[in-house]
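> Okay, so here is model32.txt, and as you'll see once you scroll down, it has compact mmCIF, C-alpha atoms.
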```txt
# COMPACT_ATOMS: atom_id res chain seq x y z
CA MET A 72 39.89 0.41 77.42
CA SER A 73 42.02 2.30 74.91
CA THR A 74 41.67 1.56 71.22
CA PHE A 75 44.96 1.02 69.39
CA ALA A 76 46.04 0.89 65.77
CA ALA A 77 49.47 0.35 64.27
CA ASP A 78 51.82 3.37 64.40
CA ALA A 79 49.18 5.61 65.98
CA PRO A 80 48.94 7.08 69.46
CA PRO A 81 46.08 5.73 71.62
CA ILE A 82 42.85 7.48 70.74
CA ASP A 83 42.09 8.37 74.36
CA VAL A 84 45.37 10.33 74.50
CA LEU A 85 44.42 12.30 71.39
CA LEU A 86 40.90 12.93 72.62
CA ARG A 87 42.31 14.59 75.74
CA LEU A 88 43.92 17.11 73.37
CA LYS A 89 40.55 18.13 71.98
CA GLY A 90 40.47 21.87 71.27
CA THR A 91 44.17 22.13 70.50
CA ASN A 92 45.02 24.67 67.80
CA LEU A 93 46.52 22.36 65.21
CA ASP A 94 48.09 25.21 63.22
CA SER A 95 50.28 26.15 66.19
CA SER A 96 50.85 22.57 67.41
CA PRO A 97 52.63 20.65 64.63
CA ALA A 98 53.41 17.69 66.90
CA VAL A 99 49.75 17.19 67.77
CA LYS A 100 48.76 17.64 64.14
CA ALA A 101 51.28 15.04 63.02
CA ALA A 102 50.06 12.57 65.65
CA LEU A 103 46.46 13.22 64.64
CA ASP A 104 47.26 12.65 60.96
CA ARG A 105 48.93 9.33 61.79
CA ALA A 106 45.93 8.27 63.84
CA LEU A 107 43.46 9.24 61.11
CA GLN A 108 45.43 7.20 58.60
CA ALA A 109 45.63 4.20 60.94
CA TYR A 110 41.94 4.34 61.86
CA ARG A 111 40.65 4.89 58.31
CA GLY A 112 37.44 2.93 57.85
CA GLN A 113 36.99 2.44 61.61
CA PRO A 114 34.72 4.26 64.13
CA PRO A 115 37.66 6.00 65.93
CA PHE A 116 38.20 7.98 62.69
CA LEU A 117 34.84 9.65 63.24
CA GLU A 118 35.58 10.26 66.93
CA LEU A 119 38.70 12.18 65.98
CA VAL A 120 36.99 14.16 63.21
CA ARG A 121 34.28 15.11 65.68
CA ALA A 122 36.67 15.97 68.51
CA PHE A 123 38.88 18.23 66.41
CA ASN A 124 36.00 19.54 64.24
CA LEU A 125 37.82 18.63 61.04
CA THR A 126 36.11 19.75 57.84
CA ASP A 127 38.49 18.39 55.20
CA ARG A 128 38.16 14.63 55.60
CA ALA A 129 35.43 13.78 53.08
CA ASP A 130 37.33 10.85 51.56
CA GLY A 131 37.93 9.23 54.94
CA LEU A 132 34.37 9.81 56.10
CA ILE A 133 32.97 8.33 52.89
CA ALA A 134 35.23 5.31 53.32
CA LEU A 135 33.89 4.96 56.85
CA ALA A 136 30.29 5.06 55.59
CA VAL A 137 31.09 2.35 53.04
CA ALA A 138 32.49 0.19 55.85
CA HIS A 139 29.51 0.90 58.15
CA PRO A 140 26.47 1.44 55.89
CA ASP A 141 23.81 0.21 58.29
CA ASP A 142 24.69 1.86 61.59
CA SER A 143 25.05 5.23 63.26
CA THR A 144 28.72 5.57 62.33
CA GLY A 145 28.03 5.55 58.61
CA ALA A 146 25.08 7.91 58.92
CA GLU A 147 26.98 10.50 60.93
CA ALA A 148 29.98 10.25 58.63
CA LEU A 149 27.88 11.15 55.58
CA GLN A 150 25.97 13.82 57.53
CA ARG A 151 29.28 15.53 58.23
CA VAL A 152 30.36 15.30 54.60
CA ILE A 153 27.09 16.91 53.50
CA GLU A 154 27.36 19.67 56.12
CA ASP A 155 30.88 20.41 54.88
CA GLY A 156 29.65 20.85 51.29
CA GLY A 157 30.74 17.43 50.06
CA LEU A 158 27.75 16.41 47.93
CA ASP A 159 29.91 16.10 44.82
CA ALA A 160 32.36 13.86 46.66
CA ILE A 161 29.50 11.55 47.66
CA LYS A 162 28.13 11.51 44.11
CA GLN A 163 31.52 10.52 42.74
CA ALA A 164 31.92 7.79 45.34
CA MET A 165 28.45 6.41 44.58
CA ALA A 166 29.62 5.68 41.04
CA GLY A 167 32.33 3.40 42.41
CA SER A 168 32.43 0.01 44.08
CA GLY A 169 31.01 1.40 47.34
CA GLY A 170 27.84 2.73 45.71
CA SER A 171 25.49 0.14 47.18
CA ALA A 172 26.78 0.72 50.72
CA LEU A 173 26.49 4.49 50.34
CA VAL A 174 22.90 4.21 49.14
CA ARG A 175 21.98 2.28 52.28
CA ALA A 176 23.89 4.67 54.53
CA LEU A 177 22.18 7.70 52.98
CA GLY A 178 18.83 6.25 53.97
CA ASN A 179 19.79 6.95 57.59
CA VAL A 180 20.82 10.58 57.00
CA ALA A 181 18.31 13.27 57.99
CA ASP A 182 19.19 15.91 55.43
CA ALA A 183 16.99 17.47 52.75
CA SER A 184 19.71 16.97 50.12
CA VAL A 185 19.54 13.17 50.34
CA PRO A 186 16.83 12.77 47.64
CA GLU A 187 19.11 14.63 45.25
CA LEU A 188 21.65 11.85 45.74
CA LEU A 189 19.30 8.87 45.78
CA GLN A 190 16.68 9.67 43.16
CA PRO A 191 19.08 9.44 40.17
CA VAL A 192 20.11 5.96 41.34
CA MET A 193 16.50 4.85 41.62
CA LEU A 194 15.68 6.15 38.13
CA ASP A 195 18.79 4.76 36.41
CA ALA A 196 17.41 1.96 34.23
CA LYS A 197 20.95 0.67 33.66
CA ALA A 198 21.69 0.26 37.37
CA PRO A 199 21.30 -3.17 39.02
CA GLU A 200 17.74 -3.81 40.20
CA ALA A 201 18.91 -4.53 43.76
CA LEU A 202 20.64 -1.13 43.93
CA ARG A 203 17.55 0.67 42.67
CA LEU A 204 15.41 -1.12 45.27
CA ASP A 205 17.85 -0.07 47.99
CA ALA A 206 17.48 3.52 46.78
CA VAL A 207 13.68 3.30 47.02
CA ARG A 208 13.83 1.98 50.58
CA ALA A 209 16.42 4.58 51.54
CA LEU A 210 14.28 7.40 50.16
CA ALA A 211 11.30 6.18 52.18
CA HIS A 212 13.28 6.57 55.42
CA SER A 213 13.07 10.38 55.39
CA GLU A 214 10.09 12.67 54.93
CA ALA A 215 11.84 14.53 52.11
CA GLY A 216 12.63 11.25 50.38
CA ALA A 217 9.10 9.92 50.88
CA GLN A 218 7.69 13.09 49.35
CA ALA A 219 10.05 12.67 46.39
CA LEU A 220 8.64 9.17 45.83
CA LEU A 221 5.09 10.47 46.01
CA GLU A 222 5.87 13.27 43.57
CA LEU A 223 7.14 10.72 41.06
CA ALA A 224 3.94 8.73 41.51
CA ARG A 225 1.80 11.84 41.02
CA ALA A 226 3.65 12.68 37.83
CA GLY A 227 3.18 9.16 36.48
CA GLY A 228 6.92 8.58 36.26
CA PHE A 229 7.32 5.82 38.80
CA PRO A 230 9.12 2.73 37.41
CA GLU A 231 6.65 -0.18 37.48
CA THR A 232 9.14 -2.71 38.82
CA LEU A 233 9.85 -0.52 41.86
CA LYS A 234 6.24 0.20 42.84
CA PRO A 235 5.78 -2.83 45.14
CA ALA A 236 8.88 -1.94 47.17
CA ALA A 237 7.79 1.70 47.42
CA ALA A 238 4.27 0.73 48.44
CA THR A 239 5.55 -1.53 51.21
CA ALA A 240 8.08 1.02 52.48
CA LEU A 241 5.64 3.94 52.45
CA ALA A 242 2.87 1.90 54.10
CA ALA A 243 5.09 1.80 57.19
CA SER A 244 5.74 5.55 57.11
CA PRO A 245 5.52 7.41 60.44
CA TRP A 246 3.96 10.41 58.69
CA PRO A 247 0.17 9.97 58.42
CA ALA A 248 -0.19 12.26 55.40
CA VAL A 249 2.53 10.34 53.53
CA LYS A 250 0.98 6.98 54.43
CA ASP A 251 -2.50 8.10 53.31
CA GLU A 252 -1.34 9.47 49.96
CA ALA A 253 0.87 6.44 49.35
CA ALA A 254 -2.16 4.18 49.85
CA ARG A 255 -3.92 6.12 47.10
CA LEU A 256 -1.03 6.52 44.65
CA LEU A 257 0.88 3.30 45.33
CA PRO A 258 -1.60 0.78 46.76
CA PRO A 259 -0.05 -2.35 48.28
CA THR A 260 0.03 -5.50 46.20
CA ALA A 261 -2.45 -8.23 47.01
CA SER A 262 0.14 -10.26 48.93
CA ALA A 263 1.11 -7.29 51.09
CA GLY A 264 -2.52 -6.50 51.84
CA GLN A 265 -3.75 -9.96 52.78
CA SER A 266 -5.75 -10.33 55.95
CA ILE A 267 -4.14 -10.82 59.35
CA PRO A 268 -4.91 -14.18 61.05
CA SER A 269 -7.29 -13.70 63.96
CA LEU A 270 -6.44 -14.40 67.57
CA ALA A 271 -9.13 -17.10 67.68
CA GLU A 272 -7.56 -18.89 64.71
CA ALA A 273 -4.13 -18.80 66.34
CA LEU A 274 -5.30 -19.94 69.79
CA ALA A 275 -7.11 -22.89 68.23
CA LEU A 276 -3.75 -24.25 67.07
CA ARG A 277 -0.88 -25.77 69.02
CA GLY A 278 2.11 -23.45 68.92
CA ASP A 279 5.77 -24.44 68.90
CA VAL A 280 8.53 -22.36 70.53
CA ALA A 281 11.27 -23.32 68.07
CA ARG A 282 9.10 -22.54 65.07
CA GLY A 283 7.97 -19.31 66.73
CA GLU A 284 11.55 -18.20 67.13
CA LYS A 285 12.02 -18.60 63.38
CA VAL A 286 8.89 -16.51 62.76
CA PHE A 287 10.17 -13.79 65.12
CA PHE A 288 13.49 -13.53 63.30
CA GLY A 289 11.96 -14.16 59.88
CA ALA A 290 8.47 -13.63 58.47
CA ALA A 291 7.18 -11.32 61.20
CA ALA A 292 10.32 -9.16 61.03
CA CYS A 293 10.17 -8.50 64.79
CA ALA A 294 13.95 -8.58 65.08
CA SER A 295 14.29 -5.59 62.76
CA CYS A 296 13.33 -3.41 65.75
CA HIS A 297 13.51 -5.60 68.88
CA GLN A 298 16.12 -7.65 70.67
CA VAL A 299 15.81 -10.96 72.47
CA ASN A 300 18.85 -11.82 74.59
CA GLY A 301 21.12 -9.69 72.45
CA ARG A 302 19.80 -10.87 69.07
CA GLY A 303 18.05 -8.41 66.80
CA VAL A 304 18.12 -4.63 66.49
CA ASP A 305 18.09 -2.51 69.65
CA PHE A 306 15.47 0.05 68.63
CA GLY A 307 12.12 -0.76 70.23
CA PRO A 308 11.64 -2.17 73.72
CA GLY A 309 13.64 -5.29 74.55
CA LEU A 310 11.55 -8.46 74.61
CA SER A 311 13.80 -10.87 76.52
CA GLU A 312 11.30 -11.04 79.42
CA ILE A 313 8.08 -10.13 77.64
CA GLY A 314 6.49 -13.46 78.63
CA ASP A 315 6.58 -12.39 82.28
CA LYS A 316 4.47 -9.35 81.50
CA PHE A 317 1.82 -10.33 78.97
CA ALA A 318 -0.40 -13.29 78.13
CA ALA A 319 -1.05 -14.41 74.54
CA GLU A 320 -4.09 -12.13 74.12
CA ALA A 321 -2.16 -9.02 75.16
CA LEU A 322 0.83 -10.00 73.02
CA TYR A 323 -1.40 -10.37 69.97
CA ALA A 324 -3.06 -7.01 70.63
CA ALA A 325 0.31 -5.27 71.02
CA ILE A 326 1.42 -6.59 67.61
CA VAL A 327 -1.82 -5.93 65.73
CA GLU A 328 -2.60 -2.56 67.35
CA PRO A 329 0.76 -1.05 68.33
CA ASN A 330 -0.79 2.41 68.75
CA ALA A 331 -2.87 1.20 71.68
CA GLY A 332 0.01 1.26 74.14
CA ILE A 333 3.43 2.87 73.91
CA SER A 334 6.17 2.15 76.44
CA PHE A 335 7.65 5.10 78.32
CA GLY A 336 10.71 6.44 76.50
CA TYR A 337 9.54 5.10 73.14
CA GLU A 338 7.32 8.01 72.16
CA PRO A 339 8.21 8.99 68.56
CA TRP A 340 9.16 12.55 67.69
CA GLN A 341 9.73 14.47 64.50
CA ILE A 342 12.78 16.71 64.84
CA THR A 343 12.76 19.51 62.28
CA LEU A 344 16.23 20.72 61.37
CA ARG A 345 17.49 23.70 59.42
CA ASN A 346 18.05 21.40 56.45
CA GLY A 347 16.04 18.27 56.93
CA ALA A 348 14.12 16.29 59.52
CA ALA A 349 14.68 13.27 61.73
CA VAL A 350 12.19 10.83 63.22
CA GLY A 351 12.78 8.64 66.24
CA PHE A 352 13.02 8.53 70.00
CA ILE A 353 14.82 11.22 71.98
CA ALA A 354 17.66 9.21 73.50
CA SER A 355 19.28 12.04 75.45
CA GLU A 356 19.54 15.80 75.60
CA THR A 357 22.09 18.32 76.82
CA ASP A 358 22.23 22.10 76.67
CA ASP A 359 23.93 21.89 73.27
CA GLU A 360 22.90 18.57 71.70
CA LEU A 361 19.85 16.45 71.02
CA THR A 362 20.47 12.74 70.45
CA VAL A 363 17.86 10.92 68.38
CA LYS A 364 17.52 7.16 68.04
CA ALA A 365 16.01 6.38 64.64
CA PRO A 366 14.73 3.08 63.21
CA GLY A 367 17.56 0.62 62.71
CA ASN A 368 19.15 1.84 65.95
CA ILE A 369 20.70 4.78 64.11
CA ILE A 370 21.79 7.18 66.86
CA THR A 371 22.60 10.69 65.70
CA ARG A 372 23.58 13.81 67.62
CA TYR A 373 22.18 17.12 66.41
CA ARG A 374 23.28 20.57 67.48
CA LYS A 375 20.38 22.29 69.17
CA SER A 376 21.16 25.38 67.15
CA ASP A 377 20.14 23.34 64.06
CA VAL A 378 16.85 22.16 65.59
CA THR A 379 13.94 24.41 64.65
CA ALA A 380 11.07 22.35 66.07
CA ARG A 381 10.17 19.06 67.70
CA ASP A 382 6.72 17.53 67.42
CA ARG A 383 5.31 14.42 69.04
CA ILE A 384 4.14 11.93 66.40
CA PRO A 385 0.80 10.35 67.35
CA GLY A 386 0.90 6.62 67.87
CA SER A 387 3.79 4.21 67.47
CA LEU A 388 6.54 3.80 64.90
CA MET A 389 5.71 0.10 64.78
CA PRO A 390 3.59 -0.61 61.67
CA PRO A 391 0.29 -2.41 62.35
CA GLY A 392 0.36 -4.93 59.48
CA LEU A 393 3.33 -7.08 60.45
CA LEU A 394 1.28 -10.26 60.80
CA ALA A 395 -0.07 -9.95 57.24
CA ALA A 396 2.96 -11.93 56.08
CA THR A 397 2.10 -14.87 58.37
CA ASN A 398 -0.53 -17.59 58.55
CA ALA A 399 -2.50 -18.72 61.60
CA GLN A 400 -0.03 -21.46 62.51
CA GLU A 401 2.87 -19.03 62.39
CA VAL A 402 0.98 -16.60 64.62
CA ALA A 403 0.30 -19.42 67.08
CA ASP A 404 4.00 -20.32 67.06
CA LEU A 405 5.03 -16.68 67.51
CA LEU A 406 2.73 -16.17 70.50
CA VAL A 407 4.03 -19.30 72.20
CA TYR A 408 7.61 -18.19 71.59
CA LEU A 409 6.99 -14.71 73.00
CA GLY A 410 5.22 -16.22 75.98
CA SER A 411 8.31 -18.36 76.66
CA LEU A 412 10.57 -15.33 76.97
CA LYS A 413 10.91 -14.98 80.72
CA LYS A 414 13.50 -13.93 83.24
CA GLY A 415 16.32 -16.41 83.54
CA ARG A 416 15.64 -18.10 80.22
```
Will you turn the file into structure tokens for me?

Amino acid sequence: MSTFAADAPPIDVLLRLKGTNLDSSPAVKAALDRALQAYRGQPPFLELVRAFNLTDRADGLIALAVAHPDDSTGAEALQRVIEDGGLDAIKQAMAGSGGSALVRALGNVADASVPELLQPVMLDAKAPEALRLDAVRALAHSEAGAQALLELARAGGFPETLKPAAATALAASPWPAVKDEAARLLPPTASAGQSIPSLAEALALRGDVARGEKVFFGAAACASCHQVNGRGVDFGPGLSEIGDKFAAEALYAAIVEPNAGISFGYEPWQITLRNGAAVGFIASETDDELTVKAPGNIITRYRKSDVTARDRIPGSLMPPGLLAATNAQEVADLLVYLGSLKKGR
């Protein structure tokens, strides 16, 4: 179905004109300009920038990232701004009302320049605490950002109030060396490191499906990577029929020891780029592009000419300590809820 906006030609019509020389086609250029204005802040803006390989739309792309800070659209918009030399434009925009959204969006950008943008926000003692915490979490999303956090810790310059957030974020890092050094430099707080309830404790209790659903979408944070009947984030395997496949014992093991079994198609990879690195699943591949699905369901296309290496990451991207935030009753409820997820329900 075509996407429409006021006073703009349908986007599918414009996309069929991809490759047109705009300098020698004033009518097409005028129509494209009208469409870009009409679609400002909406995903079709990025489609048009991509189709016509526009390199002078930093303001519009930044506005798009502000409107879509937590999805693939915002990440790709900022990636394009950075590739076009727009770091200063992003810095200026971060000082405005969209700063918080841009910080979150930058956490999904696989470019080595991202720490340069986020670290000053994290270290700004005058900035709101919530914004600084967002900057810490965003830095931990990339290897370059995680290393920047560790370097601060090594130098003794890590703000005390931000250490718990950094410890939690880095403990879930997909890079073993980062995770190991973070455990030494930024050990988890006592609450984050509490013991995981045992399977025996959970099975000795009567579980409740309704309560388990709340645990799934709350304390256990399962929905941050998995979907059940369309709810949650479409990153890891869907769990809508998981109860048809596994009993309580196997469900518990899959949560506590995620490295023990990895579903086909969900093998994590590190994609090394000319200026950065991405981590995630390889969603698709063509002769020219590699599409990577990163945590948060951030889907980004990379030109193969920018990819310098790809390496399989051992184990799973699912952190092993998710049940540390739950008690035995909550684990019992969660297992009963997962077991209830069957075909037709």
> Determine, counting all atoms listed in the file, which protein, DNA and RNA residues have an atom within 9 Å of an atom of range 350-360 of chain A; residues of the same chain fewer than 4 positions away are not included. Present the result as a ChimeraX atom specification.
/A:181,212-214,245,306,336-343,364-366,370,372-376,384,388
> Just give me the residues with any atom within 8 Å of (1.5, 0.3, 64.9), file coordinates, counting all atoms listed in the file, written as a list in words.
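The distance filter leaves exactly Ile326, Val327, Glu328, Pro329, Asn330, Gly386, Ser387, Leu388, Met389, Pro390, Pro391 and Gly392 of chain A.
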> Give me the residues near range 126-140 of chain A as a PyMOL selection string, where near means some atom within 10 Å (using all atoms listed in the file) and where sequence neighbours in that chain fewer than 4 positions away do not count.
chain A and resi 107-108+110-117+120-121+144-158+160-161+164-165+168-179
> Which residues are close to Glu222 in chain A, i.e. within 12 Å by all atoms listed in the file, leaving aside same-chain residues fewer than 3 positions away? Reply as a list in words.
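The residues satisfying every condition are Pro186, Gln190, Ala215, Gly216, Ala217, Gln218, Ala219, Arg225, Ala226, Gly227, Gly228, Phe229, Val249, Glu252, Ala253, Leu256 and Leu257 of chain A.
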> May I ask which of the residues A:Gly307, A:Leu270, A:Lys197, A:Glu187 is the closest one to Ser334 in chain A, counting only C-alpha atoms?
A:Gly307
> Name the residues, using the chain letters and numbers of the file, that sit within 7 Å of (21.0, 15.9, 56.0) when counting only C-alpha atoms, and give them as a PyMOL selection string.
chain A and resi 150+153+180-185+346-347
> Out of A:Ala209, A:Ala106, A:Leu119, A:Ile333, which residue has the shortest atom-to-atom distance to Gly90 in chain A when counting all atoms listed in the file?
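For Gly90 in chain A, the nearest of the given residues is A:Leu119.
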> One number please: CA of Ala211 in chain A to CA of Leu344 in chain A, in Å, one decimal.
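Interatomic distance here is 17.9 Å.
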> Looking at A:Gly314, A:Ala109, A:Gly415, A:Gln400, which one is nearest to Leu274 in chain A, with distances taken over only C-alpha atoms?
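Under the stated criterion, the closest residue is A:Gln400.
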